[in-house]
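Source file structure.cif; content: mmCIF, C-alpha atoms and all ligand atoms.
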```cif
data_coords
#
loop_
_atom_site.group_PDB
_atom_site.id
_atom_site.type_symbol
_atom_site.label_atom_id
_atom_site.label_comp_id
_atom_site.auth_asym_id
_atom_site.auth_seq_id
_atom_site.Cartn_x
_atom_site.Cartn_y
_atom_site.Cartn_z
ATOM 1 C CA MET A 1 124.229 156.121 148.948
ATOM 2 C CA ASN A 2 121.885 158.601 147.260
ATOM 3 C CA LEU A 3 118.179 158.007 146.949
ATOM 4 C CA SER A 4 117.009 158.086 143.307
ATOM 5 C CA GLN A 5 114.338 160.634 142.350
ATOM 6 C CA GLU A 6 112.061 157.713 141.552
ATOM 7 C CA ASP A 7 112.454 156.175 145.036
ATOM 8 C CA LYS A 8 112.093 159.584 146.669
ATOM 9 C CA LYS A 9 108.799 160.028 144.813
ATOM 10 C CA ILE A 10 107.556 156.611 146.008
ATOM 11 C CA ILE A 11 108.211 157.689 149.614
ATOM 12 C CA TYR A 12 106.851 161.218 149.147
ATOM 13 C CA ASP A 13 103.661 160.015 147.457
ATOM 14 C CA SER A 14 102.989 157.526 150.269
ATOM 15 C CA ILE A 15 102.748 160.256 152.935
ATOM 16 C CA ARG A 16 99.376 161.929 153.253
ATOM 17 C CA ASP A 17 98.560 165.483 154.320
ATOM 18 C CA ILE A 18 95.797 165.920 156.886
ATOM 19 C CA GLU A 19 94.709 169.530 157.120
ATOM 20 C CA ASP A 20 93.854 171.197 160.439
ATOM 21 C CA PHE A 21 95.158 168.323 162.609
ATOM 22 C CA PRO A 22 95.695 168.364 165.569
ATOM 23 C CA LYS A 23 94.560 171.992 165.385
ATOM 24 C CA GLU A 24 93.478 174.551 162.811
ATOM 25 C CA GLY A 25 96.184 175.763 160.455
ATOM 26 C CA VAL A 26 98.467 172.730 160.900
ATOM 27 C CA VAL A 27 99.050 170.377 157.957
ATOM 28 C CA PHE A 28 99.815 167.037 159.593
ATOM 29 C CA LYS A 29 102.164 164.720 157.682
ATOM 30 C CA ASP A 30 100.560 161.317 158.180
ATOM 31 C CA ILE A 31 103.094 158.495 157.804
ATOM 32 C CA THR A 32 100.614 155.659 158.535
ATOM 33 C CA THR A 33 100.014 155.509 154.773
ATOM 34 C CA LEU A 34 103.751 154.954 154.253
ATOM 35 C CA LEU A 35 103.823 152.177 156.853
ATOM 36 C CA ASN A 36 100.915 150.266 155.321
ATOM 37 C CA ASN A 37 102.457 150.588 151.839
ATOM 38 C CA LYS A 38 104.958 147.721 151.699
ATOM 39 C CA GLU A 39 106.794 149.110 148.666
ATOM 40 C CA ALA A 40 107.271 152.585 150.165
ATOM 41 C CA PHE A 41 108.250 151.239 153.598
ATOM 42 C CA GLN A 42 110.795 148.898 152.026
ATOM 43 C CA VAL A 43 112.268 151.588 149.757
ATOM 44 C CA LEU A 44 112.699 153.793 152.823
ATOM 45 C CA MET A 45 114.239 151.084 155.011
ATOM 46 C CA ASN A 46 116.548 149.875 152.212
ATOM 47 C CA HIS A 47 117.816 153.419 151.811
ATOM 48 C CA LEU A 48 118.377 153.927 155.545
ATOM 49 C CA GLU A 49 120.148 150.573 155.826
ATOM 50 C CA GLN A 50 122.423 151.376 152.879
ATOM 51 C CA ARG A 51 123.228 154.834 154.224
ATOM 52 C CA TYR A 52 124.021 153.772 157.771
ATOM 53 C CA GLU A 53 125.607 150.332 157.377
ATOM 54 C CA SER A 54 129.054 151.918 157.041
ATOM 55 C CA TYR A 55 128.649 154.317 160.016
ATOM 56 C CA ASP A 56 129.775 151.763 162.588
ATOM 57 C CA LEU A 57 126.848 152.677 164.866
ATOM 58 C CA ASP A 58 126.260 151.040 168.260
ATOM 59 C CA TYR A 59 122.657 152.163 168.836
ATOM 60 C CA ILE A 60 119.707 153.837 167.154
ATOM 61 C CA ALA A 61 117.774 156.200 169.431
ATOM 62 C CA GLY A 62 114.188 156.917 168.350
ATOM 63 C CA ILE A 63 111.974 159.818 169.424
ATOM 64 C CA ASP A 64 108.509 159.139 170.912
ATOM 65 C CA SER A 65 106.562 157.862 169.144
ATOM 66 C CA ARG A 66 106.965 157.620 165.366
ATOM 67 C CA GLY A 67 110.748 157.596 165.707
ATOM 68 C CA PHE A 68 110.304 154.233 167.477
ATOM 69 C CA ILE A 69 108.892 152.623 164.340
ATOM 70 C CA PHE A 70 111.646 153.641 161.926
ATOM 71 C CA GLY A 71 114.339 153.465 164.596
ATOM 72 C CA ALA A 72 113.546 149.943 165.755
ATOM 73 C CA ALA A 73 113.200 148.679 162.173
ATOM 74 C CA LEU A 74 116.587 150.207 161.280
ATOM 75 C CA ALA A 75 118.273 148.875 164.434
ATOM 76 C CA ASP A 76 117.104 145.386 163.522
ATOM 77 C CA ARG A 77 118.434 145.740 159.973
ATOM 78 C CA LEU A 78 121.813 146.974 161.243
ATOM 79 C CA LYS A 79 121.836 144.310 163.999
ATOM 80 C CA ILE A 80 122.368 146.873 166.754
ATOM 81 C CA GLY A 81 120.398 148.009 169.824
ATOM 82 C CA PHE A 82 117.481 150.439 169.984
ATOM 83 C CA VAL A 83 116.923 153.113 172.644
ATOM 84 C CA PRO A 84 113.669 155.057 173.130
ATOM 85 C CA VAL A 85 113.644 158.781 173.944
ATOM 86 C CA ARG A 86 110.250 159.218 175.611
ATOM 87 C CA LYS A 87 107.865 161.941 176.643
ATOM 88 C CA LYS A 88 108.053 162.608 180.368
ATOM 89 C CA GLY A 89 106.728 160.027 182.815
ATOM 90 C CA LYS A 90 106.845 156.917 180.629
ATOM 91 C CA LEU A 91 110.249 155.398 181.425
ATOM 92 C CA PRO A 92 110.360 153.179 184.528
ATOM 93 C CA SER A 93 113.999 153.364 185.668
ATOM 94 C CA THR A 94 116.293 156.296 186.526
ATOM 95 C CA THR A 95 116.115 158.961 183.819
ATOM 96 C CA VAL A 96 117.571 162.286 182.799
ATOM 97 C CA CYS A 97 115.163 164.786 181.275
ATOM 98 C CA GLU A 98 115.327 167.894 179.144
ATOM 99 C CA LYS A 99 112.698 170.597 178.956
ATOM 100 C CA TYR A 100 111.920 172.411 175.713
ATOM 101 C CA GLU A 101 109.624 175.192 174.608
ATOM 102 C CA LEU A 102 106.433 174.658 172.624
ATOM 103 C CA GLU A 103 104.266 177.309 170.974
ATOM 104 C CA TYR A 104 102.302 177.486 174.220
ATOM 105 C CA GLY A 105 104.169 176.195 177.268
ATOM 106 C CA PHE A 106 106.772 173.477 177.677
ATOM 107 C CA ASP A 107 107.286 169.759 177.173
ATOM 108 C CA GLU A 108 109.944 167.324 178.367
ATOM 109 C CA VAL A 109 111.726 164.303 176.943
ATOM 110 C CA GLU A 110 113.528 161.632 178.940
ATOM 111 C CA ILE A 111 116.075 158.881 178.469
ATOM 112 C CA HIS A 112 117.238 156.141 180.822
ATOM 113 C CA LEU A 113 120.495 157.119 182.468
ATOM 114 C CA ASP A 114 121.933 153.701 181.564
ATOM 115 C CA ALA A 115 120.384 153.596 178.061
ATOM 116 C CA PHE A 116 123.729 153.031 176.331
ATOM 117 C CA PRO A 117 125.619 150.293 178.182
ATOM 118 C CA LYS A 118 128.553 150.582 175.773
ATOM 119 C CA LYS A 119 131.063 153.336 176.656
ATOM 120 C CA ASN A 120 131.295 156.238 174.151
ATOM 121 C CA ALA A 121 128.528 154.616 172.134
ATOM 122 C CA ARG A 122 128.088 155.803 168.548
ATOM 123 C CA VAL A 123 124.435 156.802 168.250
ATOM 124 C CA LEU A 124 122.080 157.801 165.440
ATOM 125 C CA LEU A 125 118.977 159.720 166.556
ATOM 126 C CA ILE A 126 115.889 159.333 164.364
ATOM 127 C CA ASP A 127 112.392 160.810 164.105
ATOM 128 C CA ASP A 128 109.739 161.036 161.415
ATOM 129 C CA LEU A 129 109.686 164.812 161.168
ATOM 130 C CA ILE A 130 111.410 168.003 162.296
ATOM 131 C CA ALA A 131 109.148 171.051 162.667
ATOM 132 C CA THR A 132 110.390 173.706 165.138
ATOM 133 C CA GLY A 133 113.238 171.394 166.176
ATOM 134 C CA GLY A 134 112.492 171.580 169.912
ATOM 135 C CA THR A 135 111.947 167.851 170.407
ATOM 136 C CA ALA A 136 114.983 166.742 168.410
ATOM 137 C CA ASN A 137 117.208 169.374 169.975
ATOM 138 C CA ALA A 138 116.276 168.310 173.511
ATOM 139 C CA SER A 139 116.697 164.620 172.582
ATOM 140 C CA ALA A 140 120.142 165.295 171.091
ATOM 141 C CA LYS A 141 121.176 167.046 174.323
ATOM 142 C CA LEU A 142 120.080 164.048 176.394
ATOM 143 C CA ILE A 143 122.107 161.599 174.310
ATOM 144 C CA LYS A 144 125.232 163.712 174.698
ATOM 145 C CA HIS A 145 124.533 164.381 178.363
ATOM 146 C CA ILE A 146 124.694 160.680 179.230
ATOM 147 C CA GLY A 147 128.039 160.310 177.485
ATOM 148 C CA ALA A 148 127.205 158.941 174.054
ATOM 149 C CA ASP A 149 128.642 160.140 170.763
ATOM 150 C CA LEU A 150 125.833 161.562 168.626
ATOM 151 C CA ILE A 151 126.875 160.723 165.073
ATOM 152 C CA GLU A 152 123.867 162.106 163.175
ATOM 153 C CA VAL A 153 120.204 163.048 163.510
ATOM 154 C CA CYS A 154 117.984 161.617 160.778
ATOM 155 C CA PHE A 155 114.483 162.714 159.741
ATOM 156 C CA LEU A 156 112.138 161.378 157.140
ATOM 157 C CA ILE A 157 110.709 164.887 156.653
ATOM 158 C CA ASN A 158 112.173 168.324 157.327
ATOM 159 C CA LEU A 159 109.632 171.179 157.256
ATOM 160 C CA THR A 160 112.347 173.592 156.141
ATOM 161 C CA PHE A 161 110.181 176.736 156.286
ATOM 162 C CA LEU A 162 110.130 176.418 160.099
ATOM 163 C CA GLU A 163 113.954 176.404 160.181
ATOM 164 C CA GLY A 164 113.928 173.921 163.062
ATOM 165 C CA ASP A 165 117.212 172.476 161.876
ATOM 166 C CA LYS A 166 119.035 175.769 162.496
ATOM 167 C CA LYS A 167 119.758 175.301 166.214
ATOM 168 C CA LEU A 168 120.242 171.540 165.871
ATOM 169 C CA LYS A 169 122.889 172.077 163.165
ATOM 170 C CA GLU A 170 125.046 173.883 165.721
ATOM 171 C CA HIS A 171 125.762 170.668 167.614
ATOM 172 C CA ALA A 172 124.810 167.773 165.325
ATOM 173 C CA SER A 173 124.998 166.597 161.756
ATOM 174 C CA ILE A 174 121.541 166.330 160.163
ATOM 175 C CA TYR A 175 120.194 164.154 157.363
ATOM 176 C CA SER A 176 116.657 164.591 156.007
ATOM 177 C CA ILE A 177 115.225 162.368 153.302
ATOM 178 C CA LEU A 178 112.451 164.758 152.202
ATOM 179 C CA GLU A 179 112.698 168.542 152.493
ATOM 180 C CA ILE A 180 109.306 170.201 152.309
HETATM 181 P P1 LIG A 201 109.098 169.907 166.754
HETATM 182 O O1 LIG A 201 109.600 169.701 168.163
HETATM 183 O O2 LIG A 201 108.303 171.175 166.598
HETATM 184 O O3 LIG A 201 110.218 169.800 165.737
HETATM 185 O O4 LIG A 201 108.049 168.754 166.448
HETATM 186 C C1 LIG A 201 108.494 167.507 166.075
HETATM 187 C C2 LIG A 201 107.613 166.415 166.606
HETATM 188 O O5 LIG A 201 106.242 166.697 166.442
HETATM 189 C C3 LIG A 201 107.885 165.146 165.829
HETATM 190 O O6 LIG A 201 107.981 164.061 166.751
HETATM 191 C C4 LIG A 201 106.730 165.003 164.863
HETATM 192 O O7 LIG A 201 106.304 163.673 164.806
HETATM 193 C C5 LIG A 201 105.639 165.916 165.418
HETATM 194 N N1 LIG A 201 105.125 166.879 164.414
HETATM 195 C C6 LIG A 201 105.247 168.227 164.460
HETATM 196 N N2 LIG A 201 104.657 168.817 163.419
HETATM 197 C C7 LIG A 201 104.142 167.829 162.655
HETATM 198 C C8 LIG A 201 103.423 167.783 161.409
HETATM 199 N N3 LIG A 201 103.110 168.894 160.719
HETATM 200 N N4 LIG A 201 103.070 166.579 160.925
HETATM 201 C C9 LIG A 201 103.394 165.440 161.590
HETATM 202 N N5 LIG A 201 104.058 165.414 162.761
HETATM 203 C C10 LIG A 201 104.439 166.591 163.307
#
```

Could you render the structure as structure tokens?
Amino acid sequence: MNLSQEDKKIIYDSIRDIEDFPKEGVVFKDITTLLNNKEAFQVLMNHLEQRYESYDLDYIAGIDSRGFIFGAALADRLKIGFVPVRKKGKLPSTTVCEKYELEYGFDEVEIHLDAFPKKNARVLLIDDLIATGGTANASAKLIKHIGADLIEVCFLINLTFLEGDKKLKEHASIYSILEI
């Protein structure tokens, strides 16, 4: 199901740019103004529901932390389970973790080892934005590592000039609503 240009514009216009956050030179895509705009949030969720209702998914996995908002809302619409992929040190039970490179240094994401109780679970991974792709790539690896079937990785925004989707494309199908 394609998103009309009109609906795409409603979503695009609801996201605000904050310059020099969290540091100089970065234009931060602030989605809080999409979330508090009931029309934009509904247009987005209707689109995601229509796209994924035929995918026969078992779980939505969301990336810490804005992926939790869209992921949990979509899981509820599709009447399936939600699984958080978290930054290191936040999950209480046994986890597997994956390290990835940042501009300066490293970060790690984790998932519960038993996050997907269903065998060969069909999983959609979701986050608000892909920049360098490090976070999504590491999260995708975790999902596969614990035996799930990663069906697609979905982003609200793809900052295409950073080409973060390049390495992710090698082992996952990607869908981005807005390419900027
Ligand atoms: P990356 O691993 O570089 O692809 O960064 C992706 C993660 O960082 C996502 O979880 C985003 O929410 C966040 N992020 C990175 N850059 C931005 C940006 N310009 N605006 C908003 N969020 C960002």

*asked:* List as a PyMOL selection string the residues having at least one atom at most 9 Å from position (97.5, 164.9, 157.7) as given in the file, counting all atoms listed in the file.
replied: chain A and resi 15-22+26-31

*Step by step, measure atom-to-atom distances between ligand LIG 201 (chain A) and each residue using only C-alpha atoms and all ligand atoms, keep those at most 9 Å, then write them as an MDAnalysis selection string.*
chainID A and resid 17:18 21:22 26:31 63:67 100:103 127:138 157:159 162 164:165

Just want the 10 Å neighbourhood of Phe116 (chain A), counted on only C-alpha atoms, with same-chain residues fewer than 4 positions away dropped. Output as a short mmCIF file (atom, residue, chain, number, x, y, z; two decimals) with C-alpha atoms, in the frame of the given file.
```
data_model
loop_
_atom_site.label_atom_id
_atom_site.label_comp_id
_atom_site.auth_asym_id
_atom_site.auth_seq_id
_atom_site.Cartn_x
_atom_site.Cartn_y
_atom_site.Cartn_z
CA ASP A 58 126.26 151.04 168.26
CA TYR A 59 122.66 152.16 168.84
CA ALA A 61 117.77 156.20 169.43
CA GLY A 81 120.40 148.01 169.82
CA PHE A 82 117.48 150.44 169.98
CA VAL A 83 116.92 153.11 172.64
CA ILE A 111 116.08 158.88 178.47
CA HIS A 112 117.24 156.14 180.82
CA ASN A 120 131.29 156.24 174.15
CA ALA A 121 128.53 154.62 172.13
CA ARG A 122 128.09 155.80 168.55
CA VAL A 123 124.44 156.80 168.25
CA ILE A 143 122.11 161.60 174.31
CA ILE A 146 124.69 160.68 179.23
CA GLY A 147 128.04 160.31 177.48
CA ALA A 148 127.20 158.94 174.05
#
```

_Interatomic distance, CA of Thr94 (chain A) to CA of Glu170 (chain A) (Å, one decimal)_ =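 Those two atoms sit 28.6 Å apart.
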
Which residues, named as in the file, does the PyMOL selection byres (((chain A and resi 73-76) around 8) and not hetatm) pick out? Answer as a CSV table (one decimal) with C-alpha atoms, in the frame of the given file.
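What landed in part_13.csv:
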```
chain,number,residue,atom,x,y,z
A,45,MET,CA,114.2,151.1,155.0
A,48,LEU,CA,118.4,153.9,155.5
A,49,GLU,CA,120.1,150.6,155.8
A,59,TYR,CA,122.7,152.2,168.8
A,60,ILE,CA,119.7,153.8,167.2
A,69,ILE,CA,108.9,152.6,164.3
A,70,PHE,CA,111.6,153.6,161.9
A,71,GLY,CA,114.3,153.5,164.6
A,72,ALA,CA,113.5,149.9,165.8
A,77,ARG,CA,118.4,145.7,160.0
A,78,LEU,CA,121.8,147.0,161.2
A,79,LYS,CA,121.8,144.3,164.0
A,80,ILE,CA,122.4,146.9,166.8
A,81,GLY,CA,120.4,148.0,169.8
A,82,PHE,CA,117.5,150.4,170.0
```

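The nearest approach to Glu108 (chain A) among the residues A:His171, A:Ile177, A:Pro92, A:Arg86, with only C-alpha atoms taken into account, belongs to A:Arg86.
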
*Kindly indicate which residue among A:Ala140, A:Leu57, A:Ile11, A:Leu44 lies nearest to Val85 (chain A), using all atoms listed in the file for the distances.*
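That would be A:Ala140, the residue with the smallest distance to Val85 (chain A).
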
*Å distance separating CA of Asn36 (chain A) from CA of Lys88 (chain A), one decimal place*: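 One can read the CA of Asn36 (chain A) to CA of Lys88 (chain A) distance as 28.8 Å.
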